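S.K.: The structure file data.txt (compact mmCIF, C-alpha atoms) is provided below.
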```
# COMPACT_ATOMS: atom_id res chain seq x y z
CA MET A 698 3.21 64.83 -26.55
CA TYR A 699 3.54 63.22 -23.12
CA LYS A 700 7.02 61.88 -23.88
CA TYR A 701 8.16 65.40 -24.73
CA PHE A 702 6.58 66.67 -21.48
CA PHE A 703 8.27 63.86 -19.56
CA ARG A 704 11.71 64.82 -20.89
CA LEU A 705 11.09 68.52 -20.36
CA VAL A 706 9.51 68.44 -16.89
CA PHE A 707 9.24 65.15 -15.04
CA LYS A 708 12.69 63.86 -15.91
CA ARG A 709 14.20 66.97 -14.31
CA LEU A 710 12.33 66.40 -11.04
CA ASP A 711 13.10 63.97 -8.25
CA PRO A 712 11.03 60.87 -9.13
CA GLU A 713 9.02 60.93 -5.91
CA GLN A 714 8.35 64.65 -6.29
CA ALA A 715 7.23 64.08 -9.89
CA HIS A 716 4.91 61.30 -8.73
CA HIS A 717 3.22 63.53 -6.16
CA LEU A 718 2.87 66.36 -8.67
CA ALA A 719 1.31 64.16 -11.37
CA PHE A 720 -0.97 62.41 -8.88
CA ARG A 721 -2.14 65.77 -7.55
CA TRP A 722 -3.10 66.87 -11.07
CA ILE A 723 -4.98 63.61 -11.66
CA ARG A 724 -6.94 64.00 -8.42
CA LEU A 725 -7.77 67.62 -9.14
CA ALA A 726 -9.04 66.78 -12.63
CA ALA A 727 -11.25 64.05 -11.20
CA ARG A 728 -12.95 66.59 -8.91
CA VAL A 729 -14.15 68.80 -11.79
CA PRO A 730 -17.40 67.30 -13.16
CA VAL A 731 -17.23 68.43 -16.80
CA LEU A 732 -13.49 67.88 -17.07
CA ARG A 733 -13.55 64.38 -15.61
CA THR A 734 -16.40 63.36 -17.93
CA PHE A 735 -14.45 64.60 -20.94
CA LEU A 736 -11.22 62.93 -19.83
CA ALA A 737 -12.93 59.62 -19.07
CA ALA A 738 -14.53 59.64 -22.52
CA ALA A 739 -11.18 60.34 -24.15
CA LEU A 740 -8.93 58.16 -22.02
CA ALA A 741 -11.19 55.31 -20.92
CA PRO A 742 -13.51 54.34 -23.80
CA ARG A 743 -15.28 51.04 -23.17
CA HIS A 744 -14.81 47.92 -25.27
CA LYS A 745 -17.67 45.49 -24.66
CA GLU A 746 -15.61 42.55 -25.85
CA LEU A 747 -13.11 43.14 -23.01
CA ARG A 748 -15.65 42.83 -20.20
CA THR A 749 -14.16 40.54 -17.60
CA GLU A 750 -15.45 38.46 -14.70
CA ALA A 751 -12.89 37.57 -12.07
CA LEU A 752 -12.97 36.89 -8.33
CA GLY A 753 -16.76 36.96 -8.56
CA LEU A 754 -16.57 40.57 -9.75
CA ARG A 755 -17.51 42.22 -13.03
CA MET A 756 -15.10 44.67 -14.62
CA HIS A 757 -15.07 46.74 -17.81
CA GLY A 758 -11.80 45.08 -18.75
CA PRO A 759 -8.85 43.12 -17.36
CA PHE A 760 -6.37 45.99 -16.95
CA GLY A 761 -5.76 47.45 -13.51
CA LEU A 762 -3.41 49.67 -11.54
CA ALA A 763 -0.93 47.74 -9.42
CA ALA A 764 -0.44 48.56 -5.76
CA GLY A 765 2.11 51.24 -4.92
CA PHE A 766 0.77 54.17 -6.91
CA ASP A 767 -2.17 55.07 -4.67
CA LYS A 768 -0.95 53.95 -1.29
CA ASN A 769 -3.59 55.76 0.77
CA ALA A 770 -6.78 55.48 -1.33
CA VAL A 771 -6.79 59.17 -2.19
CA GLY A 772 -7.10 58.98 -5.99
CA ILE A 773 -9.28 56.01 -6.95
CA ASP A 774 -11.63 58.07 -9.12
CA GLY A 775 -8.72 59.74 -10.87
CA MET A 776 -7.12 56.45 -11.80
CA ALA A 777 -10.44 55.05 -13.04
CA MET A 778 -10.81 58.21 -15.13
CA LEU A 779 -7.53 57.28 -16.83
CA GLY A 780 -8.85 53.86 -17.84
CA PHE A 781 -7.85 51.44 -15.10
CA ASP A 782 -10.58 48.80 -14.74
CA HIS A 783 -9.54 47.99 -11.20
CA VAL A 784 -7.41 49.97 -8.76
CA GLU A 785 -5.34 48.22 -6.10
CA ILE A 786 -4.52 50.59 -3.26
CA GLY A 787 -1.73 50.20 -0.73
CA THR A 788 0.35 48.62 0.47
CA VAL A 789 -1.39 49.52 3.75
CA THR A 790 0.12 48.48 7.07
CA GLY A 791 -1.48 47.98 10.46
CA GLU A 792 0.04 51.20 11.78
CA PRO A 793 1.02 54.40 9.93
CA GLN A 794 4.66 54.69 8.97
CA PRO A 795 6.81 57.19 7.06
CA GLY A 796 8.73 54.60 5.07
CA ASN A 797 12.45 54.64 4.41
CA PRO A 798 14.59 57.81 4.25
CA LYS A 799 14.60 59.74 0.99
CA GLN A 800 15.88 59.43 -1.76
CA ARG A 801 14.08 56.14 -2.17
CA LEU A 802 12.74 56.13 -5.74
CA PHE A 803 14.96 56.05 -8.84
CA ARG A 804 14.28 56.07 -12.58
CA LEU A 805 16.28 53.85 -14.91
CA VAL A 806 15.10 55.61 -18.05
CA GLU A 807 17.26 53.67 -20.50
CA ASP A 808 15.79 50.45 -19.13
CA ARG A 809 12.23 51.78 -18.77
CA ALA A 810 12.42 50.72 -15.15
CA LEU A 811 12.20 51.97 -11.59
CA ILE A 812 13.99 51.06 -8.39
CA ASN A 813 12.14 51.77 -5.17
CA ARG A 814 12.85 51.26 -1.51
CA MET A 815 9.82 53.20 -0.30
CA GLY A 816 9.29 50.94 2.70
CA PHE A 817 5.47 50.88 2.78
CA ASN A 818 5.05 54.59 3.53
CA ASN A 819 1.32 54.97 4.24
CA ASP A 820 -1.30 56.42 6.58
CA GLY A 821 -2.04 53.10 8.30
CA SER A 822 -5.07 50.84 8.13
CA LEU A 823 -7.28 52.86 10.48
CA ARG A 824 -7.06 56.10 8.47
CA VAL A 825 -7.25 54.37 5.10
CA ALA A 826 -10.34 52.43 6.23
CA ALA A 827 -11.98 55.69 7.33
CA ARG A 828 -11.15 57.26 3.97
CA LEU A 829 -12.67 54.34 2.07
CA ALA A 830 -15.75 54.39 4.31
CA SER A 831 -16.38 58.06 3.59
CA ARG A 832 -15.73 57.79 -0.15
CA THR A 833 -18.51 58.85 -2.52
CA PRO A 834 -17.39 57.30 -5.80
CA VAL A 835 -17.78 59.11 -9.10
CA PHE A 836 -16.45 56.15 -11.06
CA LYS A 837 -16.82 52.62 -9.80
CA PRO A 838 -13.78 50.52 -10.58
CA VAL A 839 -13.16 47.37 -8.60
CA VAL A 840 -11.05 48.37 -5.60
CA GLY A 841 -8.46 45.98 -4.23
CA VAL A 842 -6.71 46.56 -0.92
CA ASN A 843 -3.13 45.38 -0.56
CA ILE A 844 -1.95 44.86 3.05
CA GLY A 845 1.55 44.39 4.46
CA LYS A 846 3.48 44.19 7.71
CA THR A 847 4.29 47.25 9.80
CA LYS A 848 8.08 47.57 9.86
CA VAL A 849 8.48 47.81 13.65
CA VAL A 850 6.33 44.72 14.26
CA PRO A 851 8.53 41.66 14.91
CA GLU A 852 8.21 38.79 12.47
CA GLU A 853 6.66 36.57 15.15
CA GLU A 854 3.83 39.11 15.56
CA ALA A 855 3.24 39.58 11.83
CA VAL A 856 0.02 37.55 11.73
CA ALA A 857 -1.68 39.78 14.30
CA ASP A 858 -0.58 42.87 12.37
CA TYR A 859 -2.06 41.57 9.12
CA VAL A 860 -5.24 40.51 10.93
CA LYS A 861 -5.67 44.03 12.29
CA SER A 862 -5.49 45.49 8.79
CA ALA A 863 -7.79 42.83 7.34
CA GLU A 864 -10.47 43.45 9.95
CA ARG A 865 -10.36 47.20 9.37
CA LEU A 866 -10.17 47.16 5.57
CA ALA A 867 -12.10 44.10 4.40
CA PRO A 868 -15.51 45.85 4.64
CA TYR A 869 -14.39 48.34 1.99
CA ALA A 870 -12.40 46.01 -0.27
CA ASP A 871 -13.69 44.28 -3.38
CA TYR A 872 -10.72 41.99 -2.84
CA LEU A 873 -7.82 41.75 -0.37
CA VAL A 874 -4.16 41.06 -1.16
CA VAL A 875 -1.62 39.77 1.34
CA ASN A 876 1.74 41.25 0.32
CA VAL A 877 4.63 39.11 1.51
CA SER A 878 6.96 39.93 -1.36
CA SER A 879 8.22 43.49 -1.04
CA PRO A 880 12.01 43.54 -0.57
CA ASN A 881 11.89 46.79 1.40
CA THR A 882 10.57 45.59 4.77
CA PRO A 883 13.14 43.48 6.65
CA GLY A 884 12.04 39.86 7.02
CA LEU A 885 8.88 40.25 4.97
CA ARG A 886 9.88 37.84 2.22
CA ASN A 887 10.49 35.16 4.84
CA LEU A 888 6.70 34.97 5.10
CA GLN A 889 6.56 33.47 1.58
CA ALA A 890 7.82 30.17 2.99
CA THR A 891 4.79 27.89 3.16
CA GLU A 892 5.25 27.09 6.85
CA ALA A 893 4.88 30.81 7.61
CA LEU A 894 2.43 31.58 4.82
CA ARG A 895 -0.16 28.94 5.74
CA PRO A 896 -1.05 30.34 9.20
CA LEU A 897 -0.87 33.91 7.90
CA LEU A 898 -3.31 33.37 5.04
CA SER A 899 -5.62 31.28 7.21
CA ALA A 900 -5.74 34.01 9.87
CA VAL A 901 -6.39 36.77 7.31
CA ARG A 902 -9.15 34.66 5.72
CA GLU A 903 -10.83 34.24 9.12
CA ALA A 904 -10.42 37.95 9.91
CA ALA A 905 -12.02 39.00 6.62
CA ASP A 906 -14.93 36.62 7.24
CA ARG A 907 -15.44 38.03 10.73
CA ALA A 908 -15.38 41.58 9.47
CA VAL A 909 -17.73 40.97 6.52
CA SER A 910 -20.55 38.46 6.95
CA ALA A 911 -22.77 39.53 4.04
CA ARG A 912 -20.30 38.48 1.32
CA ARG A 913 -17.05 36.65 0.85
CA VAL A 914 -14.16 39.03 0.26
CA PRO A 915 -11.78 37.40 -2.24
CA LEU A 916 -8.27 36.88 -0.86
CA LEU A 917 -5.08 36.82 -2.93
CA VAL A 918 -1.37 36.63 -2.19
CA LYS A 919 1.34 38.56 -4.05
CA ILE A 920 4.64 36.78 -4.62
CA ALA A 921 8.14 37.78 -5.71
CA PRO A 922 9.79 36.90 -9.02
CA ASP A 923 12.86 35.85 -7.06
CA LEU A 924 11.25 32.69 -5.67
CA ALA A 925 12.86 29.46 -6.84
CA ASP A 926 10.64 27.38 -9.13
CA GLU A 927 9.99 24.80 -6.43
CA ASP A 928 8.86 27.56 -4.08
CA VAL A 929 6.50 28.92 -6.75
CA ASP A 930 5.03 25.43 -6.97
CA ALA A 931 4.71 25.24 -3.19
CA VAL A 932 2.82 28.55 -3.03
CA ALA A 933 0.54 27.40 -5.85
CA ASP A 934 -0.24 24.15 -4.04
CA LEU A 935 -0.87 26.01 -0.78
CA ALA A 936 -3.22 28.46 -2.49
CA VAL A 937 -5.30 25.59 -3.84
CA GLU A 938 -5.22 23.78 -0.49
CA LEU A 939 -6.46 26.84 1.41
CA GLY A 940 -9.09 27.76 -1.17
CA LEU A 941 -7.35 31.06 -1.90
CA ASP A 942 -9.00 33.14 -4.61
CA GLY A 943 -5.90 34.21 -6.47
CA ILE A 944 -2.18 34.83 -6.80
CA ILE A 945 -0.56 38.03 -8.09
CA ALA A 946 2.65 37.37 -10.00
CA THR A 947 4.88 39.22 -9.50
CA ASN A 948 6.26 41.96 -7.25
CA THR A 949 9.59 43.73 -7.80
CA THR A 950 12.92 41.91 -8.00
CA ILE A 951 16.14 42.34 -6.04
CA ALA A 952 18.08 40.81 -8.95
CA ARG A 953 20.34 42.94 -11.13
CA GLU A 954 22.58 40.42 -12.89
CA GLY A 955 21.53 38.92 -16.19
CA LEU A 956 18.88 41.53 -16.91
CA GLY A 957 20.87 43.45 -19.51
CA LEU A 958 20.52 46.74 -17.66
CA LYS A 959 21.88 49.73 -19.61
CA SER A 960 21.42 52.55 -17.11
CA ASP A 961 24.11 54.28 -15.08
CA PRO A 962 25.77 51.57 -12.91
CA THR A 963 25.48 53.88 -9.91
CA LEU A 964 21.69 53.83 -10.29
CA VAL A 965 21.59 50.11 -10.95
CA LYS A 966 23.41 49.47 -7.67
CA GLU A 967 20.77 51.28 -5.61
CA THR A 968 19.09 48.92 -3.16
CA GLY A 969 15.40 48.22 -3.47
CA GLY A 970 12.97 46.50 -5.76
CA LEU A 971 13.46 46.77 -9.50
CA SER A 972 10.27 47.04 -11.58
CA GLY A 973 9.43 47.69 -15.20
CA ALA A 974 10.67 46.16 -18.45
CA PRO A 975 13.61 44.17 -16.97
CA VAL A 976 11.32 41.95 -14.86
CA LYS A 977 9.08 41.09 -17.83
CA GLU A 978 10.66 37.76 -18.70
CA ARG A 979 10.80 36.30 -15.20
CA SER A 980 7.32 37.52 -14.28
CA LEU A 981 5.95 35.80 -17.37
CA GLU A 982 7.85 32.60 -16.49
CA VAL A 983 6.37 32.58 -12.98
CA LEU A 984 2.89 33.16 -14.36
CA ARG A 985 3.20 30.29 -16.83
CA ARG A 986 4.42 28.00 -14.08
CA LEU A 987 1.56 28.95 -11.81
CA TYR A 988 -1.05 28.36 -14.48
CA ALA A 989 0.44 24.99 -15.37
CA ARG A 990 0.12 24.10 -11.69
CA VAL A 991 -3.30 25.50 -10.80
CA GLY A 992 -5.12 25.86 -14.12
CA ASP A 993 -8.49 27.53 -13.73
CA ARG A 994 -8.91 26.66 -10.05
CA ILE A 995 -7.82 30.08 -8.89
CA THR A 996 -7.49 33.51 -10.51
CA LEU A 997 -4.04 34.63 -11.59
CA VAL A 998 -3.08 38.28 -11.94
CA GLY A 999 -0.13 39.11 -14.19
CA VAL A 1000 2.02 42.10 -13.30
CA GLY A 1001 5.63 43.06 -13.86
CA GLY A 1002 7.06 44.62 -17.00
CA ILE A 1003 3.76 45.14 -18.82
CA GLU A 1004 4.40 48.05 -21.17
CA ASN A 1005 1.89 47.65 -23.97
CA ALA A 1006 -1.08 45.66 -25.25
CA GLU A 1007 1.13 42.87 -26.58
CA ASP A 1008 2.63 42.36 -23.12
CA ALA A 1009 -0.86 42.27 -21.58
CA TRP A 1010 -2.05 39.82 -24.26
CA GLN A 1011 0.91 37.51 -23.61
CA ARG A 1012 0.05 37.47 -19.88
CA ILE A 1013 -3.52 36.49 -20.69
CA LEU A 1014 -2.36 33.67 -22.97
CA ALA A 1015 -0.02 32.58 -20.16
CA GLY A 1016 -2.86 32.28 -17.65
CA ALA A 1017 -3.69 35.73 -16.29
CA THR A 1018 -7.36 36.64 -16.04
CA LEU A 1019 -6.35 40.10 -14.89
CA VAL A 1020 -3.26 42.16 -15.66
CA GLN A 1021 -1.81 45.15 -13.83
CA GLY A 1022 0.72 47.86 -14.52
CA TYR A 1023 2.47 50.73 -12.79
CA SER A 1024 6.05 51.46 -13.88
CA ALA A 1025 5.25 51.92 -17.58
CA PHE A 1026 2.63 54.51 -16.63
CA VAL A 1027 5.52 56.77 -15.62
CA TYR A 1028 6.94 56.56 -19.14
CA GLU A 1029 3.74 56.28 -21.20
CA GLY A 1030 1.49 58.82 -19.48
CA PRO A 1031 -2.28 59.32 -19.44
CA PHE A 1032 -3.07 57.65 -22.79
CA TRP A 1033 -1.52 54.36 -21.65
CA GLY A 1034 -4.77 52.75 -20.50
CA ARG A 1035 -6.53 53.70 -23.72
CA ALA A 1036 -3.74 52.15 -25.79
CA ILE A 1037 -3.77 48.93 -23.75
CA HIS A 1038 -7.53 48.50 -24.16
CA LYS A 1039 -7.51 49.32 -27.87
CA GLY A 1040 -4.65 46.92 -28.49
CA LEU A 1041 -6.21 44.10 -26.50
CA ALA A 1042 -9.50 44.49 -28.37
CA ALA A 1043 -7.64 44.34 -31.68
CA ARG A 1044 -5.70 41.22 -30.68
CA LEU A 1045 -8.83 39.46 -29.47
CA ALA A 1046 -10.61 40.31 -32.73
CA THR A 1047 -7.88 38.66 -34.83
CA SER A 1048 -7.39 35.69 -32.51
CA PRO A 1049 -9.15 32.31 -32.63
CA TYR A 1050 -10.82 33.05 -29.28
CA ALA A 1051 -14.39 34.28 -28.95
CA THR A 1052 -13.80 35.92 -25.57
CA LEU A 1053 -10.91 36.96 -23.35
CA ALA A 1054 -11.87 34.15 -20.98
CA ASP A 1055 -11.27 31.64 -23.77
CA ALA A 1056 -7.78 33.07 -24.29
CA VAL A 1057 -6.71 32.77 -20.64
CA GLY A 1058 -3.95 30.18 -20.41
CA ALA A 1059 -4.30 29.11 -24.05
CA ASP A 1060 -0.55 29.03 -24.71
CA VAL A 1061 0.13 26.93 -21.62
CA ARG A 1062 -2.63 24.47 -22.47
CA LYS A 1063 -1.13 23.99 -25.94
CA THR A 1064 2.17 22.82 -24.48
CA ALA A 1065 0.70 20.71 -21.67
```
For this file, write the structure as C-alpha cells.

M.R.:
Amino acid sequence: MYKYFFRLVFKRLDPEQAHHLAFRWIRLAARVPVLRTFLAAALAPRHKELRTEALGLRMHGPFGLAAGFDKNAVGIDGMAMLGFDHVEIGTVTGEPQPGNPKQRLFRLVEDRALINRMGFNNDGSLRVAARLASRTPVFKPVVGVNIGKTKVVPEEEAVADYVKSAERLAPYADYLVVNVSSPNTPGLRNLQATEALRPLLSAVREAADRAVSARRVPLLVKIAPDLADEDVDAVADLAVELGLDGIIATNTTIAREGLGLKSDPTLVKETGGLSGAPVKERSLEVLRRLYARVGDRITLVGVGGIENAEDAWQRILAGATLVQGYSAFVYEGPFWGRAIHKGLAARLATSPYATLADAVGADVRKTA
C-alpha cells in the first residue's frame, strides 16, 4: 500500500518537500488523542523480549530514529507513535542556520539510498532547548540530542560552539551526541582526528556536567564510515580513555566508487553524504572493528543501511546494543518500525540467546 503511494505521490515530489509533507501528517496525527492511540497500537506493538537497557536508560526495544529526520524536536511524539524506541533529534548547532542552498536532498531509488547536503539546517540550540523544555510528552521514548558545529564558526572556535549547545541542551537530553562526521559542514570531519577530538569531547563532557548536576547525561560520538581502520581504532581507544558512553557507527559516506550504484550517474555525482543500502557493508565493518576493540566497555549504536529486521539483527550480533534507521523509512513507510520489531523478536526466539543483551557482539566474540 505505502509503496504504491510512494510511487504515485512522494516520488513525484521534490524529496525535501515530500519529507516536510509526510512529517506534517505524522505530527498532526500525533495531536489527535483517539487517532494516535489507534496508530500506536497498530504500528508500535510492544515485544517484552526486546526490552533494552543501554546508556543507563530503559527502552521498549533497541530500534531508534537516527538524527536528521527531526532536526528541531518538533515531532518526537509522532515518531514514537510509529514505533521508534528512541528518537535522536538534530543535528542542532550553537546558532540557527538555514543550511545549504536547495536542491540539497536527492533520492537514489534504484539503490534505496539518499544523498543529502542539507548543511545542518536547524533552529539553533537556544530555540530547540526552549521547545524541549516546554514539551508535554504523550509518548515517552528516550530522546537523544545530536549537536554539531555552526558553519560560520571557525574550526579553532569549534569547542566553544559545541559547549554552548551542550550547556543549553543537556538538561533536556536523555543522551548527547557529538557529531563530527557530517560531510556537509566544511572542516567538520577534521575534528575526528584524536588530537582535535580529545579536547572537544572533554569540554562537552564538562559542559554537560555543569548544566546537569542531578544525573550524568550519557555522551556519545558519531563517526564517519570513511575513516581508515587505524583511525577507527584510535577513536575507539580515545572513547575508552575518556570514559565516553558510546560511539555511533556510522554517518553518511562521501564515497561513490565500489558501491555498485545503479542510479542515474547525474544523481550519483551530486555532492553530499550518501546514506541507505550502499553504506551497509562498510558501516557493519566499522561496527565489528569497534566491538573487537572496546567489547562491552562502551555502548555501540549501529546505523547506516539498516533496511529490515535481518540488518538490525546483524548489527546486534556485530556489537550494537542499539540500532538506528532513517533512509529506509522513506522507502518502507509507517509500518517499518512494526516490521523491524516483529522480525527481531522472531530472530531472537529462534536464536541460541536468551536475551538481546546476550546476542550483542556474539559473532565477533566467536571469531576472536

S.K.: Using only C-alpha atoms for the distances, tell me which of A:Pro880, A:Gly761, A:Pro834, A:Pro915 is nearest to Ala867 (chain A).

M.R.: A:Pro915

S.K.: To one decimal place in Å, what is the distance between CA of Val875 (chain A) and CA of Val918 (chain A)?

M.R.: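 According to the coordinates, CA of Val875 (chain A) and CA of Val918 (chain A) are separated by 4.7 Å.
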
S.K.: May I ask which of the residues A:Lys799, A:Arg865, A:Arg824, A:Arg709 is the closest one to Val909 (chain A), counting only C-alpha atoms?

M.R.: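 Closest candidate: A:Arg865.
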
S.K.: Which residue out of A:Val874, A:Ile920, A:Leu987, A:Ala715 has the minimum interatomic distance to Phe702 (chain A) when only C-alpha atoms are used?

M.R.: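 Residue with the minimum atom-to-atom distance to Phe702 (chain A): A:Ala715.
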
S.K.: For Glu854 (chain A), which of A:Ser831, A:Pro798, A:Asp923, A:Gly884 is the closest residue, counting only C-alpha atoms?

M.R.: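 Closest residue, counting only C-alpha atoms: A:Gly884.
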
S.K.: Taking only residues of region 896-947 of chain A that have an atom at most 12 Å from an atom of region 1007-1014 of chain A, what is each one's shortest atom pair and its distance in Å to one decimal, using all atoms listed in the file, in chain and number order, as JSON lines?

M.R.:
```
{"residue": "A:Ile945", "atom": "CA", "partner": "A:Arg1012", "partner_atom": "CA", "distance": 11.8}
{"residue": "A:Ala946", "atom": "CA", "partner": "A:Arg1012", "partner_atom": "CA", "distance": 10.2}
{"residue": "A:Thr947", "atom": "CA", "partner": "A:Arg1012", "partner_atom": "CA", "distance": 11.6}
```

S.K.: Write out, as CSV, each residue of region 862-896 of chain A that has an atom at most 12 Å from region 743-754 of chain A, together with the closest pair of atoms and their distance in Å to one decimal, counting only C-alpha atoms, rows going by chain and rising number.

M.R.:
```
residue,atom,partner,partner_atom,distance
A:Ala870,CA,A:Leu754,CA,11.7
A:Asp871,CA,A:Leu754,CA,7.9
A:Tyr872,CA,A:Leu752,CA,7.8
A:Leu873,CA,A:Leu752,CA,10.7
```

S.K.: Once you count all atoms listed in the file, which residues end up no further than 10 Å from (12.4, 34.0, -7.1) in the file's frame, shown as a PyMOL selection string?

M.R.: chain A and resi 878+920-929+947+950-952+979-980+983

S.K.: Counting only C-alpha atoms, which residues sit no farther than 10 Å from the position (0.6, 30.3, 3.0) in the file's frame? I'd like them as a ChimeraX atom specification.

M.R.: /A:875,877,888-899,918,931-936,938-939,941

S.K.: How many Å lie between CA of Arg801 (chain A) and CA of Arg814 (chain A), rounded to one decimal?

M.R.: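 Here the two named atoms are 5.1 Å from each other.
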
S.K.: Counting all atoms listed in the file, which of A:Leu885, A:Ala827, A:Leu725, A:Leu956 gets nearest to Ala855 (chain A)?

M.R.: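 Smallest separation from Ala855 (chain A) among the options: A:Leu885.
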
S.K.: For each of A:Arg721, A:His1038, A:Lys861, A:Lys966, take the minimum atom-to-atom distance to Asn813 (chain A), counting all atoms listed in the file, then give the residue where this is smallest.

M.R.: A:Lys966

S.K.: Please, what distance in Å, to one decimal, runs between CA of Phe760 (chain A) and CA of Tyr1028 (chain A)?

M.R.: 17.1 Å

S.K.: If we count all atoms listed in the file, what is near region 847-850 of chain A at a cut-off of 12 Å, once residues fewer than 6 positions away on the same chain are taken out, given as a ChimeraX atom specification?

M.R.: /A:788-797,815-822,856-862,876-877,879-885

S.K.: Can you pull out every residue within 12 Å of Arg953 (chain A), counting only C-alpha atoms, but drop anything in the same chain fewer than 6 positions away, and send it as a PyMOL selection string?

M.R.: chain A and resi 808+810+812+923+959-960+962+964-972+975-976

S.K.: Show me, as JSON, the centre and edge lengths in Å to one decimal of the axis-aligned box that covers every listed atom of region 837-847 of chain A with 5 Å on each side.

M.R.:
```
{"center_x": -6.3, "center_y": 48.4, "center_z": -0.4, "size_x": 31.1, "size_y": 18.4, "size_z": 30.4}
```

S.K.: Quick one: residues within 12 Å of Thr1064 (chain A), all atoms listed in the file counted, chain neighbours fewer than 2 positions away excluded, as a PyMOL selection string?

M.R.: chain A and resi 985-986+988-989+1014-1015+1058-1062

S.K.: As a list in words, please: the residues near Lys977 (chain A) (cut-off 9 Å, only C-alpha atoms, same-chain neighbours under 6 positions excluded).

M.R.: Val1000, Gly1001, Gly1002, Ile1003 and Asp1008 of chain A

S.K.: Just write the chosen residues, C-alpha atoms, as a compact mmCIF listing (two decimals), in the coordinates of the input.

M.R.:
```
# COMPACT_ATOMS: atom_id res chain seq x y z
CA VAL A 1000 2.02 42.10 -13.30
CA GLY A 1001 5.63 43.06 -13.86
CA GLY A 1002 7.06 44.62 -17.00
CA ILE A 1003 3.76 45.14 -18.82
CA ASP A 1008 2.63 42.36 -23.12
```
